[in-house]
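*Asks:* Before we start, here is the structure in question, set down as structure tokens.
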Amino acid sequence: MSEYDAELSHGMHVVHDGPPQAPPMLLVHGSGASGASWGPVVPTLAGRRHVLRIDLPGCGKSPPMKPYDVPVQAGRVAALLDDLGLRSVTVAGHSSGGYVATALAELRPDLVGAIALVSTGPGLDAFLPQPVVLRVMLAPPLGPLLWSRRTDTMLRKGIRATAAGPVDIPGDMVADLRGISYRAFRTVARGNTAYLAERSVPERLAALDVPVLVLFGAADPRWDPSSARRYDAVPNARVELLPGVGHLPPLEAPEATGELLLGLAAKDVGIPPVGP
């Protein structure tokens, strides 16, 4: 892997890996996270793809920039891709990053060649009761009080609560998590809820003509893993469940996640997928 560039464009910190002339793949993180959450997957991807990791506004190394509504975020990503002159991009979103990926395809189908949704809940009714540590850290009344007192140990405990087993957490991911404000996090969460309440993700995708990969951990504690089958109603959708994996496939199963993403991208651009 060779990171060759990092920039700030349209309010978003962007990191590029892999050959600039290779087929592009954009990785979008989930709520409160950053592009660093995709770090373990990059070595699998960067030999064959031009990989772009963004920090959405208010996350990671990107400054706050309201509003945080999902369609607005998608518009910012579209402007970034326009500036870079990229088309037919494979867009992968982890968790709520999948909503941004879907909204991007709704807004600018010319930019999106394929979509990968990793641990992206299809609708509000698929959301599970959250682990106690997350409820304490994220929700009122204790959430706002604890937010400014978060330690690296607390952050790692919160992340691990969404995994199915032991998981290595990149240090830069933890550092980036410390940067988001409580107000920004809650506002982003409200925007995600509004997007789902308006229309489910499978309904949105069914109206689009784009290849879709849906990847879920079979032991996801945040979204009901069986809800992944709702995406079967989407034409051109492939659903994969990873045994023994929770909400964090990019951290828990980075090689398997990367190979599935490469397979989707290869299908989109019409080249042979990477072999074993």
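Ordering of the structure tokens sets the chain letters (A, B, ...); residue numbers start at 1 within each chain; ligands are numbered from 1 in the order shown.
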Please report, as JSON lines, each residue of region 199-272 of chain A lying at most 10 Å from region 30-43 of chain A, together with the nearest pair of atoms and the separation in Å rounded to one decimal; use only C-alpha atoms, and order rows by chain and ascending residue number.

*Replies:*
```
{"residue": "A:Leu248", "atom": "CA", "partner": "A:Ser37", "partner_atom": "CA", "distance": 8.9}
{"residue": "A:Pro249", "atom": "CA", "partner": "A:Val41", "partner_atom": "CA", "distance": 9.2}
{"residue": "A:Pro250", "atom": "CA", "partner": "A:Trp38", "partner_atom": "CA", "distance": 5.8}
{"residue": "A:Leu251", "atom": "CA", "partner": "A:Pro40", "partner_atom": "CA", "distance": 6.2}
{"residue": "A:Glu252", "atom": "CA", "partner": "A:Pro40", "partner_atom": "CA", "distance": 9.2}
{"residue": "A:Ala253", "atom": "CA", "partner": "A:Val41", "partner_atom": "CA", "distance": 8.5}
{"residue": "A:Pro254", "atom": "CA", "partner": "A:Val41", "partner_atom": "CA", "distance": 4.8}
{"residue": "A:Glu255", "atom": "CA", "partner": "A:Val41", "partner_atom": "CA", "distance": 6.4}
{"residue": "A:Ala256", "atom": "CA", "partner": "A:Val41", "partner_atom": "CA", "distance": 8.8}
{"residue": "A:Thr257", "atom": "CA", "partner": "A:Val41", "partner_atom": "CA", "distance": 7.0}
{"residue": "A:Gly258", "atom": "CA", "partner": "A:Val41", "partner_atom": "CA", "distance": 5.5}
{"residue": "A:Glu259", "atom": "CA", "partner": "A:Val41", "partner_atom": "CA", "distance": 9.1}
{"residue": "A:Leu261", "atom": "CA", "partner": "A:Val41", "partner_atom": "CA", "distance": 9.6}
```

*Asks:* With all heavy atoms retained, write the just-selected residues as a short mmCIF file (atom, residue, chain, number, x, y, z; two decimals), in the first residue's frame.

*Replies:*
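Once everything was written out, this is out-v7.cif:
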```cif
data_model
loop_
_atom_site.label_atom_id
_atom_site.label_comp_id
_atom_site.auth_asym_id
_atom_site.auth_seq_id
_atom_site.Cartn_x
_atom_site.Cartn_y
_atom_site.Cartn_z
N LEU A 248 -18.69 -4.70 12.28
CA LEU A 248 -17.46 -4.08 11.76
C LEU A 248 -16.68 -4.98 10.80
O LEU A 248 -15.51 -5.28 11.04
CB LEU A 248 -16.55 -3.68 12.93
CG LEU A 248 -17.17 -2.81 14.02
CD1 LEU A 248 -16.22 -2.70 15.20
CD2 LEU A 248 -17.51 -1.43 13.47
N PRO A 249 -17.26 -5.41 9.69
CA PRO A 249 -16.51 -6.24 8.76
C PRO A 249 -15.18 -5.65 8.31
O PRO A 249 -14.20 -6.40 8.16
CB PRO A 249 -17.48 -6.41 7.57
CG PRO A 249 -18.84 -6.33 8.20
CD PRO A 249 -18.69 -5.28 9.28
N PRO A 250 -15.06 -4.31 8.10
CA PRO A 250 -13.75 -3.79 7.70
C PRO A 250 -12.65 -4.02 8.74
O PRO A 250 -11.47 -4.05 8.38
CB PRO A 250 -14.02 -2.28 7.51
CG PRO A 250 -15.47 -2.21 7.18
CD PRO A 250 -16.10 -3.27 8.04
N LEU A 251 -13.03 -4.17 10.02
CA LEU A 251 -12.05 -4.44 11.07
C LEU A 251 -12.00 -5.92 11.43
O LEU A 251 -10.93 -6.46 11.71
CB LEU A 251 -12.38 -3.64 12.33
CG LEU A 251 -12.44 -2.12 12.24
CD1 LEU A 251 -12.64 -1.52 13.62
CD2 LEU A 251 -11.19 -1.55 11.60
N GLU A 252 -13.16 -6.57 11.44
CA GLU A 252 -13.23 -7.97 11.87
C GLU A 252 -12.83 -8.95 10.77
O GLU A 252 -12.30 -10.03 11.06
CB GLU A 252 -14.64 -8.29 12.35
CG GLU A 252 -15.10 -7.47 13.55
CD GLU A 252 -16.54 -7.76 13.92
OE1 GLU A 252 -16.79 -8.83 14.50
OE2 GLU A 252 -17.41 -6.92 13.61
N ALA A 253 -13.11 -8.62 9.54
CA ALA A 253 -12.80 -9.50 8.40
C ALA A 253 -12.33 -8.67 7.22
O ALA A 253 -12.97 -8.65 6.17
CB ALA A 253 -14.03 -10.33 8.04
N PRO A 254 -11.21 -7.96 7.37
CA PRO A 254 -10.80 -7.01 6.32
C PRO A 254 -10.47 -7.67 4.99
O PRO A 254 -10.80 -7.11 3.93
CB PRO A 254 -9.57 -6.32 6.92
CG PRO A 254 -9.08 -7.24 7.99
CD PRO A 254 -10.30 -7.92 8.53
N GLU A 255 -9.83 -8.84 5.00
CA GLU A 255 -9.47 -9.48 3.73
C GLU A 255 -10.71 -9.96 2.99
O GLU A 255 -10.84 -9.75 1.78
CB GLU A 255 -8.50 -10.64 3.97
CG GLU A 255 -7.12 -10.17 4.44
CD GLU A 255 -6.15 -11.33 4.53
OE1 GLU A 255 -6.49 -12.46 4.11
OE2 GLU A 255 -5.02 -11.11 5.03
N ALA A 256 -11.63 -10.61 3.71
CA ALA A 256 -12.87 -11.07 3.08
C ALA A 256 -13.68 -9.90 2.56
O ALA A 256 -14.23 -9.94 1.44
CB ALA A 256 -13.69 -11.89 4.07
N THR A 257 -13.74 -8.83 3.33
CA THR A 257 -14.47 -7.63 2.90
C THR A 257 -13.83 -7.05 1.65
O THR A 257 -14.52 -6.71 0.68
CB THR A 257 -14.47 -6.58 4.03
OG1 THR A 257 -15.13 -7.12 5.18
CG2 THR A 257 -15.19 -5.31 3.60
N GLY A 258 -12.50 -6.95 1.65
CA GLY A 258 -11.81 -6.40 0.49
C GLY A 258 -12.00 -7.23 -0.76
O GLY A 258 -12.21 -6.68 -1.85
N GLU A 259 -11.94 -8.55 -0.63
CA GLU A 259 -12.12 -9.42 -1.80
C GLU A 259 -13.53 -9.29 -2.38
O GLU A 259 -13.71 -9.28 -3.61
CB GLU A 259 -11.83 -10.87 -1.43
CG GLU A 259 -10.37 -11.16 -1.08
CD GLU A 259 -9.43 -10.98 -2.26
OE1 GLU A 259 -9.91 -10.96 -3.41
OE2 GLU A 259 -8.21 -10.88 -2.03
N LEU A 261 -15.42 -6.63 -2.18
CA LEU A 261 -15.47 -5.33 -2.84
C LEU A 261 -14.77 -5.36 -4.19
O LEU A 261 -15.25 -4.78 -5.18
CB LEU A 261 -14.83 -4.25 -1.95
CG LEU A 261 -15.57 -3.91 -0.66
CD1 LEU A 261 -14.78 -2.88 0.13
CD2 LEU A 261 -16.97 -3.38 -0.95
#
```

*Asks:* Give me the residues near Ala78 (chain A) as a PyMOL selection string, where near means some atom within 9 Å (using only C-alpha atoms) and where sequence neighbours in that chain fewer than 5 positions away do not count.

*Replies:* chain A and resi 73+83+104+107-108+111

*Asks:* Store the residues picked out above, limited to all heavy atoms, as a PDB file, in the first residue's frame.

*Replies:*
```pdb
ATOM      1  N   GLN A  73     -24.969  15.684   2.228  1.00  0.00           N
ATOM      2  CA  GLN A  73     -23.666  15.017   2.247  1.00  0.00           C
ATOM      3  C   GLN A  73     -23.361  14.387   0.895  1.00  0.00           C
ATOM      4  O   GLN A  73     -22.234  14.474   0.384  1.00  0.00           O
ATOM      5  CB  GLN A  73     -23.654  13.927   3.331  1.00  0.00           C
ATOM      6  CG  GLN A  73     -23.905  14.419   4.745  1.00  0.00           C
ATOM      7  CD  GLN A  73     -22.651  14.973   5.405  1.00  0.00           C
ATOM      8  OE1 GLN A  73     -21.926  15.784   4.821  1.00  0.00           O
ATOM      9  NE2 GLN A  73     -22.393  14.541   6.620  1.00  0.00           N
ATOM     10  N   ASP A  83     -14.885  17.310  -9.302  1.00  0.00           N
ATOM     11  CA  ASP A  83     -13.598  18.011  -9.326  1.00  0.00           C
ATOM     12  C   ASP A  83     -12.459  17.080  -9.711  1.00  0.00           C
ATOM     13  O   ASP A  83     -11.495  17.494 -10.376  1.00  0.00           O
ATOM     14  CB  ASP A  83     -13.304  18.626  -7.959  1.00  0.00           C
ATOM     15  CG  ASP A  83     -14.022  19.944  -7.740  1.00  0.00           C
ATOM     16  OD1 ASP A  83     -14.780  20.370  -8.645  1.00  0.00           O
ATOM     17  OD2 ASP A  83     -13.851  20.547  -6.660  1.00  0.00           O
ATOM     18  N   LEU A 104     -26.113   9.321  -3.087  1.00  0.00           N
ATOM     19  CA  LEU A 104     -25.266   9.763  -4.199  1.00  0.00           C
ATOM     20  C   LEU A 104     -25.762   9.172  -5.510  1.00  0.00           C
ATOM     21  O   LEU A 104     -25.842   9.868  -6.536  1.00  0.00           O
ATOM     22  CB  LEU A 104     -23.815   9.363  -3.945  1.00  0.00           C
ATOM     23  CG  LEU A 104     -22.812   9.661  -5.058  1.00  0.00           C
ATOM     24  CD1 LEU A 104     -22.701  11.165  -5.298  1.00  0.00           C
ATOM     25  CD2 LEU A 104     -21.441   9.077  -4.718  1.00  0.00           C
ATOM     26  N   LEU A 107     -28.921  10.932  -6.518  1.00  0.00           N
ATOM     27  CA  LEU A 107     -28.675  12.297  -6.983  1.00  0.00           C
ATOM     28  C   LEU A 107     -27.931  12.340  -8.306  1.00  0.00           C
ATOM     29  O   LEU A 107     -28.294  13.106  -9.217  1.00  0.00           O
ATOM     30  CB  LEU A 107     -27.867  13.051  -5.915  1.00  0.00           C
ATOM     31  CG  LEU A 107     -27.443  14.483  -6.230  1.00  0.00           C
ATOM     32  CD1 LEU A 107     -28.655  15.406  -6.274  1.00  0.00           C
ATOM     33  CD2 LEU A 107     -26.440  14.972  -5.180  1.00  0.00           C
ATOM     34  N   ARG A 108     -26.880  11.499  -8.430  1.00  0.00           N
ATOM     35  CA  ARG A 108     -26.009  11.529  -9.597  1.00  0.00           C
ATOM     36  C   ARG A 108     -25.687  10.110 -10.057  1.00  0.00           C
ATOM     37  O   ARG A 108     -24.588   9.604  -9.814  1.00  0.00           O
ATOM     38  CB  ARG A 108     -24.730  12.288  -9.259  1.00  0.00           C
ATOM     39  CG  ARG A 108     -24.896  13.785  -9.031  1.00  0.00           C
ATOM     40  CD  ARG A 108     -25.163  14.530 -10.338  1.00  0.00           C
ATOM     41  NE  ARG A 108     -24.104  14.280 -11.296  1.00  0.00           N
ATOM     42  CZ  ARG A 108     -22.915  14.919 -11.296  1.00  0.00           C
ATOM     43  NH1 ARG A 108     -22.671  15.858 -10.388  1.00  0.00           N
ATOM     44  NH2 ARG A 108     -22.004  14.640 -12.196  1.00  0.00           N
ATOM     45  N   LEU A 111     -22.346   9.131 -11.730  1.00  0.00           N
ATOM     46  CA  LEU A 111     -21.087   9.020 -10.997  1.00  0.00           C
ATOM     47  C   LEU A 111     -20.855   7.627 -10.413  1.00  0.00           C
ATOM     48  O   LEU A 111     -19.724   7.267 -10.102  1.00  0.00           O
ATOM     49  CB  LEU A 111     -21.053  10.034  -9.845  1.00  0.00           C
ATOM     50  CG  LEU A 111     -21.063  11.514 -10.218  1.00  0.00           C
ATOM     51  CD1 LEU A 111     -21.082  12.370  -8.954  1.00  0.00           C
ATOM     52  CD2 LEU A 111     -19.846  11.868 -11.070  1.00  0.00           C
TER      53      LEU A 111
END
```

*Asks:* Which of region 9-140 of chain A counts as alpha helix (DSSP H) under DSSP, as a short mmCIF file (atom, residue, chain, number, x, y, z; two decimals) with C-alpha atoms, in the first residue's frame please?

*Replies:*
```
data_model
loop_
_atom_site.label_atom_id
_atom_site.label_comp_id
_atom_site.auth_asym_id
_atom_site.auth_seq_id
_atom_site.Cartn_x
_atom_site.Cartn_y
_atom_site.Cartn_z
CA VAL A 42 -6.99 -0.80 2.00
CA PRO A 43 -4.02 -3.19 1.53
CA THR A 44 -6.34 -5.68 -0.22
CA LEU A 45 -7.76 -2.98 -2.49
CA VAL A 70 -27.85 12.67 3.99
CA PRO A 71 -28.77 14.21 0.58
CA VAL A 72 -26.60 17.25 1.36
CA GLN A 73 -23.67 15.02 2.25
CA ALA A 74 -24.19 13.16 -1.03
CA GLY A 75 -24.12 16.45 -2.90
CA ARG A 76 -20.75 17.30 -1.38
CA VAL A 77 -19.37 13.92 -2.40
CA ALA A 78 -20.70 14.45 -5.94
CA ALA A 79 -18.93 17.81 -6.14
CA LEU A 80 -15.70 16.16 -4.98
CA LEU A 81 -15.92 13.44 -7.64
CA ASP A 82 -16.71 16.06 -10.29
CA ASP A 83 -13.60 18.01 -9.33
CA LEU A 84 -11.51 14.85 -9.62
CA GLY A 97 -22.12 5.59 5.08
CA GLY A 98 -24.32 3.32 2.98
CA TYR A 99 -27.04 5.97 3.10
CA VAL A 100 -24.67 8.53 1.64
CA ALA A 101 -23.68 6.04 -1.06
CA THR A 102 -27.33 5.38 -1.90
CA ALA A 103 -28.21 9.08 -1.89
CA LEU A 104 -25.27 9.76 -4.20
CA ALA A 105 -26.62 7.24 -6.72
CA GLU A 106 -30.07 8.83 -6.43
CA LEU A 107 -28.67 12.30 -6.98
CA VAL A 132 -25.40 -0.74 27.35
CA VAL A 133 -22.01 0.93 26.92
CA LEU A 134 -23.22 2.63 23.73
CA ARG A 135 -26.48 3.79 25.27
CA VAL A 136 -24.58 5.36 28.15
CA MET A 137 -21.97 7.03 25.94
CA LEU A 138 -24.25 8.26 23.17
#
```

*Asks:* Mind checking which residues fall within 9 Å of Pro131 (chain A), counting only C-alpha atoms, ignoring those fewer than 6 positions away in the same chain, and posting them as an MDAnalysis selection string?

*Replies:* chainID A and resid 158 161:162 221:222

*Asks:* Measure the distance from CA of Ile115 (chain A) to CA of Pro67 (chain A) in Å and round it to one decimal.

*Replies:*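 About the pair CA of Ile115 (chain A) and CA of Pro67 (chain A): they are 24.0 Å apart.
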
*Asks:* Please provide the set of residues having any atom within 10 Å of Glu203 (chain A), restricted to only C-alpha atoms, with same-chain residues fewer than 3 positions apart removed, written as a PDB file with N, CA and C atoms, in the first residue's frame.

*Replies:*
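Output saved as around.pdb:
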```
ATOM      1  N   PRO A 122     -31.502  -1.674   6.577  1.00  0.00           N
ATOM      2  CA  PRO A 122     -32.429  -1.331   5.506  1.00  0.00           C
ATOM      3  C   PRO A 122     -33.555  -0.397   5.920  1.00  0.00           C
ATOM      4  N   GLY A 123     -33.934  -0.425   7.207  1.00  0.00           N
ATOM      5  CA  GLY A 123     -35.037   0.394   7.680  1.00  0.00           C
ATOM      6  C   GLY A 123     -34.982   0.535   9.186  1.00  0.00           C
ATOM      7  N   ARG A 199     -38.015   6.768   3.336  1.00  0.00           N
ATOM      8  CA  ARG A 199     -38.102   5.641   2.415  1.00  0.00           C
ATOM      9  C   ARG A 199     -36.999   4.658   2.761  1.00  0.00           C
ATOM     10  N   SER A 200     -37.299   3.365   2.745  1.00  0.00           N
ATOM     11  CA  SER A 200     -36.287   2.379   3.105  1.00  0.00           C
ATOM     12  C   SER A 200     -35.200   2.301   2.033  1.00  0.00           C
ATOM     13  N   ALA A 206     -34.155  -0.158  -5.411  1.00  0.00           N
ATOM     14  CA  ALA A 206     -34.953  -0.828  -6.437  1.00  0.00           C
ATOM     15  C   ALA A 206     -35.300   0.116  -7.582  1.00  0.00           C
ATOM     16  N   ALA A 207     -35.254   1.406  -7.303  1.00  0.00           N
ATOM     17  CA  ALA A 207     -35.564   2.392  -8.340  1.00  0.00           C
ATOM     18  C   ALA A 207     -34.338   2.762  -9.169  1.00  0.00           C
ATOM     19  N   LEU A 208     -33.176   2.200  -8.822  1.00  0.00           N
ATOM     20  CA  LEU A 208     -31.930   2.527  -9.507  1.00  0.00           C
ATOM     21  C   LEU A 208     -31.452   1.330 -10.323  1.00  0.00           C
ATOM     22  N   ARG A 230     -33.838  -8.382   3.161  1.00  0.00           N
ATOM     23  CA  ARG A 230     -34.767  -7.441   2.531  1.00  0.00           C
ATOM     24  C   ARG A 230     -34.185  -6.877   1.232  1.00  0.00           C
ATOM     25  N   TYR A 231     -32.869  -6.892   1.148  1.00  0.00           N
ATOM     26  CA  TYR A 231     -32.224  -6.397  -0.071  1.00  0.00           C
ATOM     27  C   TYR A 231     -32.363  -7.376  -1.227  1.00  0.00           C
ATOM     28  N   ALA A 233     -34.928  -8.078  -2.616  1.00  0.00           N
ATOM     29  CA  ALA A 233     -35.941  -7.502  -3.502  1.00  0.00           C
ATOM     30  C   ALA A 233     -35.355  -6.502  -4.491  1.00  0.00           C
ATOM     31  N   VAL A 234     -34.084  -6.170  -4.326  1.00  0.00           N
ATOM     32  CA  VAL A 234     -33.432  -5.185  -5.199  1.00  0.00           C
ATOM     33  C   VAL A 234     -32.843  -5.897  -6.414  1.00  0.00           C
TER      34      VAL A 234
END
```
